[in-house]
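Q: Just one file: start-v4.pdb, with PDB, C-alpha atoms.
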```
ATOM      1  CA  MET A1270    -171.159  16.740 -69.807
ATOM      2  CA  ALA A1271    -173.165  19.534 -71.391
ATOM      3  CA  GLU A1272    -169.940  21.531 -71.695
ATOM      4  CA  LEU A1273    -168.246  18.666 -73.470
ATOM      5  CA  ASP A1274    -171.194  18.331 -75.823
ATOM      6  CA  ALA A1275    -171.083  22.056 -76.534
ATOM      7  CA  ARG A1276    -167.366  22.005 -77.255
ATOM      8  CA  ALA A1277    -167.713  18.929 -79.445
ATOM      9  CA  LYS A1278    -170.510  20.637 -81.373
ATOM     10  CA  LEU A1279    -168.336  23.733 -81.758
ATOM     11  CA  ARG A1280    -165.453  21.678 -83.139
ATOM     12  CA  ILE A1281    -167.799  19.977 -85.608
ATOM     13  CA  ALA A1282    -169.301  23.318 -86.667
ATOM     14  CA  ALA A1283    -165.839  24.871 -87.066
ATOM     15  CA  GLN A1284    -164.641  21.891 -89.077
ATOM     16  CA  ALA A1285    -167.720  22.032 -91.307
ATOM     17  CA  ALA A1286    -167.191  25.747 -91.830
ATOM     18  CA  ALA A1287    -163.517  25.188 -92.638
ATOM     19  CA  ASP A1288    -164.457  22.540 -95.207
ATOM     20  CA  VAL A1289    -166.863  24.931 -96.891
ATOM     21  CA  ASP A1290    -164.409  27.798 -96.518
ATOM     22  CA  ALA A1291    -161.779  26.335 -98.770
ATOM     23  CA  THR A1292    -162.943  26.943-102.324
ATOM     24  CA  PRO A1293    -160.806  24.649-104.440
ATOM     25  CA  ALA A1294    -158.361  26.631-106.553
ATOM     26  CA  ALA A1295    -159.472  24.682-109.623
ATOM     27  CA  LEU A1296    -163.099  25.681-109.017
ATOM     28  CA  LEU A1297    -162.135  29.340-108.657
ATOM     29  CA  GLU A1298    -160.088  29.138-111.845
ATOM     30  CA  GLN A1299    -163.027  27.593-113.709
ATOM     31  CA  LEU A1300    -165.258  30.347-112.403
ATOM     32  CA  ARG A1301    -162.810  32.991-113.600
ATOM     33  CA  ARG A1302    -162.774  31.389-117.032
ATOM     34  CA  GLY A1303    -166.562  31.664-117.226
ATOM     35  CA  ASP A1304    -167.484  28.016-116.677
ATOM     36  CA  ALA A1305    -171.218  27.929-115.838
ATOM     37  CA  SER A1306    -170.965  24.559-114.068
ATOM     38  CA  ALA A1307    -168.430  26.116-111.661
ATOM     39  CA  PHE A1308    -170.912  28.902-111.006
ATOM     40  CA  ASP A1309    -173.592  26.289-110.239
ATOM     41  CA  GLU A1310    -171.265  24.509-107.829
ATOM     42  CA  VAL A1311    -170.354  27.717-106.016
ATOM     43  CA  TYR A1312    -174.026  28.656-105.815
ATOM     44  CA  ARG A1313    -174.885  25.252-104.330
ATOM     45  CA  ARG A1314    -172.087  25.498-101.743
ATOM     46  CA  TYR A1315    -172.600  28.973-100.409
ATOM     47  CA  THR A1316    -176.290  29.824-100.824
ATOM     48  CA  PRO A1317    -177.579  28.204 -97.580
ATOM     49  CA  GLY A1318    -175.069  30.070 -95.400
ATOM     50  CA  LEU A1319    -175.501  33.357 -97.223
ATOM     51  CA  PHE A1320    -179.280  33.201 -97.012
ATOM     52  CA  ALA A1321    -179.242  32.327 -93.301
ATOM     53  CA  PHE A1322    -176.812  35.203 -92.647
ATOM     54  CA  LEU A1323    -178.960  37.683 -94.569
ATOM     55  CA  ALA A1324    -182.218  36.412 -93.059
ATOM     56  CA  ARG A1325    -180.886  36.865 -89.537
ATOM     57  CA  LEU A1326    -179.449  40.285 -90.368
ATOM     58  CA  SER A1327    -182.575  41.612 -92.059
ATOM     59  CA  GLY A1328    -185.162  39.649 -90.062
ATOM     60  CA  ARG A1329    -187.265  39.092 -93.162
ATOM     61  CA  ALA A1330    -187.114  36.378 -95.800
ATOM     62  CA  ALA A1331    -188.233  38.631 -98.662
ATOM     63  CA  ILE A1332    -185.436  41.125 -97.993
ATOM     64  CA  ALA A1333    -182.922  38.320 -97.571
ATOM     65  CA  GLU A1334    -183.950  36.843-100.939
ATOM     66  CA  GLU A1335    -183.589  40.216-102.639
ATOM     67  CA  LEU A1336    -180.127  40.753-101.143
ATOM     68  CA  LEU A1337    -179.104  37.173-101.945
ATOM     69  CA  GLN A1338    -180.029  37.679-105.578
ATOM     70  CA  GLU A1339    -178.046  40.915-105.715
ATOM     71  CA  THR A1340    -175.052  39.151-104.139
ATOM     72  CA  TRP A1341    -175.053  36.443-106.797
ATOM     73  CA  LEU A1342    -175.527  38.994-109.565
ATOM     74  CA  ARG A1343    -172.433  40.802-108.253
ATOM     75  CA  LEU A1344    -170.476  37.561-108.445
ATOM     76  CA  ALA A1345    -171.810  36.910-111.950
ATOM     77  CA  THR A1346    -170.528  40.328-112.999
ATOM     78  CA  HIS A1347    -167.178  40.197-111.225
ATOM     79  CA  ALA A1348    -166.274  36.501-111.334
ATOM     80  CA  ARG A1349    -163.895  36.885-114.267
ATOM     81  CA  THR A1350    -161.960  39.684-112.625
ATOM     82  CA  LEU A1351    -161.397  37.977-109.262
ATOM     83  CA  ALA A1352    -157.778  37.520-108.215
ATOM     84  CA  GLY A1353    -156.510  33.945-108.246
ATOM     85  CA  ASP A1354    -156.014  33.888-104.479
ATOM     86  CA  THR A1355    -159.471  35.234-103.597
ATOM     87  CA  ASN A1356    -161.232  33.692-100.602
ATOM     88  CA  LEU A1357    -164.514  33.374-102.435
ATOM     89  CA  ARG A1358    -166.629  32.642 -99.368
ATOM     90  CA  ALA A1359    -165.298  35.708 -97.547
ATOM     91  CA  TRP A1360    -165.802  37.749-100.748
ATOM     92  CA  LEU A1361    -169.460  36.685-100.971
ATOM     93  CA  PHE A1362    -170.136  37.450 -97.301
ATOM     94  CA  THR A1363    -168.460  40.856 -97.689
ATOM     95  CA  VAL A1364    -170.719  41.685-100.630
ATOM     96  CA  ALA A1365    -173.816  40.387 -98.814
ATOM     97  CA  ARG A1366    -173.009  42.375 -95.699
ATOM     98  CA  ASN A1367    -172.355  45.583 -97.657
ATOM     99  CA  LEU A1368    -175.606  45.162 -99.589
ATOM    100  CA  HIS A1369    -177.468  44.767 -96.308
ATOM    101  CA  ARG A1370    -175.836  47.935 -95.002
ATOM    102  CA  SER A1371    -176.909  49.853 -98.092
ATOM    103  CA  GLN A1372    -180.416  48.469 -97.822
ATOM    104  CA  ARG A1373    -180.635  49.605 -94.188
ATOM    105  CA  ARG A1374    -179.547  53.078 -95.181
ATOM    106  CA  ARG A1375    -182.358  53.177 -97.725
ATOM    107  CA  VAL A1376    -184.966  52.003 -95.245
ATOM    108  CA  ARG A1377    -184.345  53.919 -92.058
ATOM    109  CA  LEU A1378    -187.368  52.665 -90.200
ATOM    110  CA  ASP A1379    -187.377  48.934 -90.728
ATOM    111  CA  LEU A1380    -190.911  47.991 -89.817
ATOM    112  CA  ASP A1381    -190.384  44.395 -90.854
ATOM    113  CA  LEU A1382    -187.597  44.010 -88.356
ATOM    114  CA  LEU A1383    -189.722  45.566 -85.631
ATOM    115  CA  ARG A1384    -192.434  43.052 -86.478
ATOM    116  CA  PHE A1385    -189.930  40.230 -86.134
ATOM    117  CA  TRP A1386    -188.723  41.521 -82.756
ATOM    118  CA  LYS A1387    -192.315  41.711 -81.604
ATOM    119  CA  TRP A1388    -192.822  38.101 -82.628
ATOM    120  CA  ALA A1389    -189.590  37.029 -81.005
ATOM    121  CA  SER A1390    -190.425  38.604 -77.663
ATOM    122  CA  ARG A1391    -194.191  37.996 -77.402
ATOM    123  CA  GLY A1392    -195.079  35.089 -79.611
ATOM    124  CA  GLN A1393    -196.348  35.042 -83.145
ATOM    125  CA  SER A1394    -199.470  36.758 -84.333
ATOM    126  CA  ALA A1395    -198.637  37.211 -88.017
ATOM    127  CA  PRO A1396    -198.258  34.255 -90.401
ATOM    128  CA  PRO A1397    -194.920  32.539 -89.649
ATOM    129  CA  SER A1398    -191.969  33.356 -91.882
ATOM    130  CA  PRO A1399    -189.407  30.651 -92.828
ATOM    131  CA  LEU A1400    -187.188  31.982 -90.063
ATOM    132  CA  GLU A1401    -189.975  31.550 -87.550
ATOM    133  CA  VAL A1402    -190.837  28.080 -88.796
ATOM    134  CA  ALA A1403    -187.209  27.011 -88.476
ATOM    135  CA  VAL A1404    -187.049  27.889 -84.806
ATOM    136  CA  VAL A1405    -188.885  25.110 -83.031
ATOM    137  CA  SER A1406    -188.017  24.863 -79.354
ATOM    138  CA  GLU A1407    -188.522  27.443 -76.620
ATOM    139  CA  ALA A1408    -184.792  27.602 -75.887
ATOM    140  CA  GLU A1409    -184.050  28.170 -79.557
ATOM    141  CA  ARG A1410    -186.753  30.822 -79.746
ATOM    142  CA  ARG A1411    -185.204  32.683 -76.806
ATOM    143  CA  LEU A1412    -181.738  32.455 -78.289
ATOM    144  CA  GLU A1413    -182.970  33.605 -81.692
ATOM    145  CA  ALA A1414    -184.830  36.489 -80.011
ATOM    146  CA  ALA A1415    -181.702  37.522 -78.100
ATOM    147  CA  LEU A1416    -179.737  37.422 -81.351
ATOM    148  CA  ALA A1417    -182.348  39.495 -83.159
ATOM    149  CA  ALA A1418    -182.328  42.098 -80.386
ATOM    150  CA  LEU A1419    -178.597  42.755 -80.779
ATOM    151  CA  PRO A1420    -177.477  45.902 -82.590
ATOM    152  CA  VAL A1421    -176.726  45.070 -86.226
ATOM    153  CA  ALA A1422    -172.996  45.724 -85.818
ATOM    154  CA  GLN A1423    -172.735  43.150 -83.030
ATOM    155  CA  ARG A1424    -175.120  40.701 -84.686
ATOM    156  CA  GLU A1425    -173.236  40.557 -87.972
ATOM    157  CA  THR A1426    -169.933  39.989 -86.156
ATOM    158  CA  LEU A1427    -171.360  37.222 -83.992
ATOM    159  CA  LEU A1428    -173.078  35.543 -86.945
ATOM    160  CA  LEU A1429    -169.881  35.504 -88.976
ATOM    161  CA  VAL A1430    -167.804  33.997 -86.169
ATOM    162  CA  ALA A1431    -170.207  31.772 -84.218
ATOM    163  CA  VAL A1432    -172.499  30.576 -86.984
ATOM    164  CA  GLU A1433    -170.443  30.812 -90.168
ATOM    165  CA  GLY A1434    -167.156  29.755 -88.581
ATOM    166  CA  PHE A1435    -164.978  32.659 -89.734
ATOM    167  CA  SER A1436    -162.098  33.558 -87.456
ATOM    168  CA  PRO A1437    -162.340  36.965 -85.721
ATOM    169  CA  THR A1438    -159.588  38.232 -88.044
ATOM    170  CA  GLN A1439    -161.458  37.092 -91.156
ATOM    171  CA  ALA A1440    -164.672  38.596 -89.779
ATOM    172  CA  ALA A1441    -162.827  41.873 -89.211
ATOM    173  CA  GLU A1442    -161.726  41.880 -92.863
ATOM    174  CA  ILE A1443    -165.269  41.203 -94.044
ATOM    175  CA  LEU A1444    -166.614  44.002 -91.851
ATOM    176  CA  GLY A1445    -163.815  46.428 -92.678
ATOM    177  CA  LEU A1446    -162.667  46.632 -89.060
ATOM    178  CA  ARG A1447    -159.444  46.238 -87.129
ATOM    179  CA  PRO A1448    -159.251  42.751 -85.575
ATOM    180  CA  GLU A1449    -159.333  44.187 -82.064
ATOM    181  CA  ALA A1450    -162.517  46.121 -82.844
ATOM    182  CA  ALA A1451    -164.152  42.939 -84.135
ATOM    183  CA  ARG A1452    -163.119  41.058 -80.998
ATOM    184  CA  GLN A1453    -164.586  43.802 -78.842
ATOM    185  CA  ARG A1454    -167.878  43.599 -80.731
ATOM    186  CA  LEU A1455    -167.839  39.849 -80.244
ATOM    187  CA  ARG A1456    -167.325  40.182 -76.506
ATOM    188  CA  ARG A1457    -170.160  42.688 -76.229
ATOM    189  CA  ALA A1458    -172.488  40.581 -78.352
ATOM    190  CA  ARG A1459    -171.829  37.435 -76.318
ATOM    191  CA  ALA A1460    -172.291  39.343 -73.058
ATOM    192  CA  ALA A1461    -175.579  40.837 -74.273
ATOM    193  CA  ILE A1462    -176.916  37.445 -75.332
ATOM    194  CA  ALA A1463    -175.836  35.809 -72.085
ATOM    195  CA  ALA A1464    -177.540  38.584 -70.120
ATOM    196  CA  ALA A1465    -180.718  38.272 -72.193
ATOM    197  CA  LEU A1466    -180.848  34.516 -71.668
ATOM    198  CA  GLU A1467    -180.296  34.865 -67.923
ATOM    199  CA  ILE A1468    -183.145  37.363 -67.685
ATOM    200  CA  ALA A1469    -185.410  35.110 -69.755
ATOM    201  CA  SER A1470    -184.692  32.037 -67.638
ATOM    202  CA  PRO A1471    -183.298  32.709 -64.159
ATOM    203  CA  PRO A1472    -181.079  29.897 -62.913
ATOM    204  CA  ASN A1473    -183.066  27.177 -61.182
ATOM    205  CA  VAL A1474    -181.173  26.633 -57.939
ATOM    206  CA  PRO A1475    -182.427  23.611 -55.955
ATOM    207  CA  GLU A1476    -183.157  24.208 -52.294
ATOM    208  CA  GLY A1477    -180.270  23.438 -49.942
ATOM    209  CA  GLU A1478    -177.616  24.356 -52.491
ATOM    210  CA  THR A1479    -177.639  28.052 -51.696
ATOM    211  CA  SER A1480    -174.722  29.137 -49.544
TER     212      SER A1480
ATOM    213  CA  MET B1246    -166.895  27.730 -66.392
ATOM    214  CA  SER B1247    -164.217  30.096 -67.677
ATOM    215  CA  GLN B1248    -164.971  33.048 -69.938
ATOM    216  CA  ARG B1249    -163.468  31.207 -72.917
ATOM    217  CA  GLU B1250    -165.612  28.156 -72.248
ATOM    218  CA  ARG B1251    -168.730  30.269 -71.852
ATOM    219  CA  ALA B1252    -168.009  31.942 -75.193
ATOM    220  CA  ASP B1253    -167.463  28.555 -76.847
ATOM    221  CA  ASP B1254    -170.663  27.226 -75.319
ATOM    222  CA  LEU B1255    -172.677  30.184 -76.569
ATOM    223  CA  ASP B1256    -171.134  29.946 -80.052
ATOM    224  CA  ALA B1257    -171.958  26.241 -80.159
ATOM    225  CA  ARG B1258    -175.567  26.911 -79.227
ATOM    226  CA  LEU B1259    -175.820  29.604 -81.896
ATOM    227  CA  ALA B1260    -174.228  27.341 -84.498
ATOM    228  CA  ALA B1261    -176.688  24.582 -83.602
ATOM    229  CA  LEU B1262    -179.740  26.806 -84.204
ATOM    230  CA  PRO B1263    -181.816  25.711 -87.193
ATOM    231  CA  ARG B1264    -180.856  27.774 -90.208
ATOM    232  CA  PRO B1265    -183.516  29.835 -91.946
ATOM    233  CA  ALA B1266    -183.980  27.983 -95.237
ATOM    234  CA  LEU B1267    -184.414  29.558 -98.631
ATOM    235  CA  ASP B1268    -187.677  28.726-100.358
ATOM    236  CA  SER B1269    -186.834  26.290-103.160
ATOM    237  CA  ALA B1270    -188.784  28.215-105.808
ATOM    238  CA  ALA B1271    -187.068  31.470-104.839
ATOM    239  CA  GLY B1272    -183.713  29.693-104.818
ATOM    240  CA  ALA B1273    -184.281  28.327-108.315
ATOM    241  CA  ARG B1274    -185.345  31.751-109.571
ATOM    242  CA  ILE B1275    -182.297  33.485-108.086
ATOM    243  CA  HIS B1276    -179.975  30.802-109.410
ATOM    244  CA  ALA B1277    -181.438  30.995-112.925
ATOM    245  CA  ARG B1278    -181.163  34.768-113.046
ATOM    246  CA  ALA B1279    -177.609  34.884-111.713
ATOM    247  CA  ARG B1280    -176.545  32.044-114.030
ATOM    248  CA  GLU B1281    -177.996  33.896-117.001
ATOM    249  CA  ALA B1282    -176.115  37.047-116.009
ATOM    250  CA  PHE B1283    -172.923  35.013-115.617
ATOM    251  CA  ARG B1284    -173.283  33.364-119.020
ATOM    252  CA  SER B1285    -174.209  36.572-120.813
ATOM    253  CA  LEU B1286    -170.871  38.213-120.015
ATOM    254  CA  PRO B1287    -168.212  37.608-122.678
ATOM    255  CA  ALA B1288    -165.366  35.308-121.704
ATOM    256  CA  GLY B1289    -162.575  37.378-120.205
ATOM    257  CA  GLY B1290    -165.032  39.800-118.639
ATOM    258  CA  ALA B1291    -165.363  43.469-119.390
ATOM    259  CA  THR B1292    -161.734  43.728-120.346
ATOM    260  CA  SER B1293    -159.352  41.622-122.355
ATOM    261  CA  LEU B1294    -156.774  41.901-119.589
ATOM    262  CA  PRO B1295    -156.268  38.764-117.462
ATOM    263  CA  GLY B1296    -158.656  38.339-114.521
ATOM    264  CA  GLY B1297    -157.982  40.724-111.670
ATOM    265  CA  LEU B1298    -155.353  42.718-113.551
ATOM    266  CA  TRP B1299    -157.738  45.496-114.539
ATOM    267  CA  ALA B1300    -159.041  45.791-110.973
ATOM    268  CA  ARG B1301    -155.519  45.905-109.557
ATOM    269  CA  LEU B1302    -154.394  48.401-112.215
ATOM    270  CA  TRP B1303    -157.345  50.641-111.386
ATOM    271  CA  SER B1304    -157.026  50.469-107.602
ATOM    272  CA  ARG B1305    -153.251  50.773-107.418
ATOM    273  CA  LEU B1306    -152.394  53.114-110.293
ATOM    274  CA  LEU B1307    -155.251  54.708-112.218
ATOM    275  CA  GLU B1308    -157.497  55.707-109.333
ATOM    276  CA  PRO B1309    -154.702  57.295-107.202
ATOM    277  CA  ALA B1310    -153.426  59.062-110.328
ATOM    278  CA  ALA B1311    -156.892  60.411-111.134
ATOM    279  CA  VAL B1312    -157.314  61.684-107.561
ATOM    280  CA  ALA B1313    -153.840  63.313-107.585
ATOM    281  CA  ILE B1314    -154.533  65.046-110.909
ATOM    282  CA  ALA B1315    -157.926  66.300-109.671
ATOM    283  CA  VAL B1316    -156.354  67.699-106.475
ATOM    284  CA  ALA B1317    -153.505  69.366-108.430
ATOM    285  CA  VAL B1318    -155.922  70.990-110.900
ATOM    286  CA  TYR B1319    -158.059  72.266-108.016
ATOM    287  CA  LEU B1320    -155.050  73.750-106.211
ATOM    288  CA  ILE B1321    -153.743  75.456-109.368
ATOM    289  CA  TRP B1322    -157.187  76.859-110.136
ATOM    290  CA  THR B1323    -157.543  78.142-106.561
ATOM    291  CA  ALA B1324    -154.088  79.748-106.638
ATOM    292  CA  GLN B1325    -154.863  81.476-109.943
ATOM    293  CA  ALA B1326    -158.201  82.701-108.650
ATOM    294  CA  LEU B1327    -156.580  84.132-105.506
ATOM    295  CA  ALA B1328    -153.831  85.784-107.561
ATOM    296  CA  ALA B1329    -156.409  87.444-109.829
ATOM    297  CA  ILE B1330    -158.102  89.243-106.948
ATOM    298  CA  ASP B1331    -157.190  92.923-106.622
ATOM    299  CA  TRP B1332    -156.573  92.956-102.885
ATOM    300  CA  GLY B1333    -156.009  96.744-102.798
ATOM    301  CA  ARG B1334    -159.578  97.448-103.864
ATOM    302  CA  LEU B1335    -160.978  95.039-101.314
ATOM    303  CA  ALA B1336    -159.021  96.521 -98.370
ATOM    304  CA  LEU B1337    -161.044  97.857 -95.449
ATOM    305  CA  PRO B1338    -161.097 101.610 -94.805
ATOM    306  CA  SER B1339    -158.358 102.826 -92.483
ATOM    307  CA  THR B1340    -159.146 103.687 -88.859
ATOM    308  CA  ASP B1341    -158.802 107.437 -89.679
ATOM    309  CA  ARG B1342    -161.489 107.118 -92.303
ATOM    310  CA  ILE B1343    -163.757 105.233 -89.916
ATOM    311  CA  GLY B1344    -163.287 107.997 -87.373
ATOM    312  CA  SER B1345    -164.192 110.721 -89.867
ATOM    313  CA  LEU B1346    -167.343 108.815 -90.849
ATOM    314  CA  ALA B1347    -168.385 108.337 -87.236
ATOM    315  CA  ALA B1348    -168.081 112.017 -86.218
ATOM    316  CA  PRO B1349    -171.030 113.446 -88.191
ATOM    317  CA  ARG B1350    -173.248 110.596 -86.857
ATOM    318  CA  ALA B1351    -172.380 111.579 -83.314
ATOM    319  CA  ALA B1352    -173.194 115.173 -84.153
ATOM    320  CA  GLY B1353    -176.540 114.177 -85.671
ATOM    321  CA  ALA B1354    -177.426 112.189 -82.597
ATOM    322  CA  GLY B1355    -176.844 115.303 -80.466
ATOM    323  CA  GLN B1356    -179.238 117.347 -82.630
ATOM    324  CA  ASN B1357    -182.045 114.865 -82.104
ATOM    325  CA  GLN B1358    -181.918 115.195 -78.319
TER     326      GLN B1358
END
```
What is this file in C-alpha cells?
A:
Amino acid sequence: MAELDARAKLRIAAQAAADVDATPAALLEQLRRGDASAFDEVYRRYTPGLFAFLARLSGRAAIAEELLQETWLRLATHARTLAGDTNLRAWLFTVARNLHRSQRRRVRLDLDLLRFWKWASRGQSAPPSPLEVAVVSEAERRLEAALAALPVAQRETLLLVAVEGFSPTQAAEILGLRPEAARQRLRRARAAIAAALEIASPPNVPEGETS
Amino acid sequence: MSQRERADDLDARLAALPRPALDSAAGARIHARAREAFRSLPAGGATSLPGGLWARLWSRLLEPAAVAIAVAVYLIWTAQALAAIDWGRLALPSTDRIGSLAAPRAAGAGQNQ
C-alpha cells in the first residue's frame, strides 16, 4: 500500500513538474520581445523551485537568495537573445547551478553549510532558518539531513531528477555531463541516502518473523 | 521491492519533502530588481540582430575564428623566433674541447696532494 502511495505521489510530482516544465512558446516569445508582464509570469512560475534547489544546494537561505537574484538578473540581461526553442526552466536551473558552483569556488570553507549539517545531525541550537522551519517531522528531518550530507555533485543531480522532475538526460545537460555519468551519480546518491536512512532507523522486525 | 521501485519510492519521498520557501519580502525585492534590469535594456537587446542570432554567430563563427587566428599568430611568431636564433653560436663545445679543458684540472688536483 505504501509502495502504491509512493508511486502515485511520484506520478503526481512528475506530472506537476512536466506542467511547469513546458514554458508556452508564446510566453517565451513575449519575453524575448521585452514584455515585462511575461517576465513577471516566468518569475512567478519558476522562483519557488529555483529557490528550493539553491537553498538545498547551499544550505543557507541568505546564499540562496543572493544566487536567486543573480539568476534572475542573468535572465533579465539575456532574455532577448534566447533562442526560440529554449527550454527556459532548464536554462534557469543551469544558470543557478553554475552560479552556485562559482560561489563554492569563492568560499572554499563553507562554514554555513557545516552549521547546517551540525543542525541536521544533532538538532538545532542556532535560530531556525526557513529550511529548518519547513522540515517538520522526524522522518523528514532525517531525509533532509541525508540529502544535505551528500556530496554536492550527487545532491544537485538527485535534486534535479527527484525533486524538480527533470529526466536524467535533461539533468545531464544542465550539469554538463554525459547521460550515463548523471545516471551513475543518481545511483550513488540514492544508495547513500538509503544507507543513511537505514543507519538512522534500523528496520523494526517483529519477533517470530526472523528466519 | 525491486531496485527500480526503491528508487521511485525514494524519489517520491524526496519530492514530498516541504520545500524551503523564499521570504516574501526578499522575493519582492529580487523580483523588483530583476524586473527593473529587464525593463532597462533596450528592446532587441544589446544588438539589433534578431534574438539568439548574435549568440549563435559568436559561438559558431566568430569565437572559433578568433581562436584560430590567435593560434596561427602564435605559431608564426614562434617559428620566426626560432629561425632568428643563431644555433651555431649556441652549440655546445665538442668532446675534444671538453677533454682539453679537463686535463689541466686533473693536473692541478695532483699538485694539491
Q: Up to 7 Å from chain A, what residues of chain B turn up? Count all atoms listed in the file and give them as number ranges by chain.
A: B: 1252-1254, 1256-1257, 1259-1260, 1262-1267, 1275, 1279-1280, 1282-1284, 1288-1290, 1296-1297, 1300
Q: Can you translate the PyMOL selection byres ((chain A and resi 1437) around 12) into the concrete residues it hits in this file, as a PyMOL selection string?
A: chain A and resi 1425-1431+1433-1436+1438-1456
Q: Would you list the contacts of Gln1372 in chain A as a tab-separated table (two decimals) with C-alpha atoms, keeping the file's coordinate frame, taking every protein, DNA or RNA residue within 12 Å and counting only C-alpha atoms, but skipping same-chain residues closer than 3 positions in sequence?
A:
```
chain	number	residue	atom	x	y	z
A	1323	LEU	CA	-178.96	37.68	-94.57
A	1326	LEU	CA	-179.45	40.28	-90.37
A	1327	SER	CA	-182.58	41.61	-92.06
A	1332	ILE	CA	-185.44	41.12	-97.99
A	1333	ALA	CA	-182.92	38.32	-97.57
A	1335	GLU	CA	-183.59	40.22	-102.64
A	1336	LEU	CA	-180.13	40.75	-101.14
A	1339	GLU	CA	-178.05	40.92	-105.72
A	1365	ALA	CA	-173.82	40.39	-98.81
A	1366	ARG	CA	-173.01	42.38	-95.70
A	1367	ASN	CA	-172.36	45.58	-97.66
A	1368	LEU	CA	-175.61	45.16	-99.59
A	1369	HIS	CA	-177.47	44.77	-96.31
A	1375	ARG	CA	-182.36	53.18	-97.72
A	1376	VAL	CA	-184.97	52.00	-95.24
A	1377	ARG	CA	-184.34	53.92	-92.06
A	1378	LEU	CA	-187.37	52.66	-90.20
A	1379	ASP	CA	-187.38	48.93	-90.73
```
Q: How many Å lie between CA of Arg1457 in chain A and CA of Arg1251 in chain B, rounded to one decimal?
A: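 That distance, rounded to one decimal, is 13.2 Å.
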Q: Calculate how many Å separate CA of Ala1295 in chain A from CA of Arg1314 in chain A, rounding to one decimal.
A: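 Atom-to-atom, CA of Ala1295 in chain A to CA of Arg1314 in chain A, that is 14.9 Å.
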Q: Between CA of Leu1419 in chain A and CA of Leu1466 in chain A, what is the spacing in Å?
A: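 So the two atoms, CA of Leu1466 in chain A and CA of Leu1419 in chain A, lie 12.5 Å apart.
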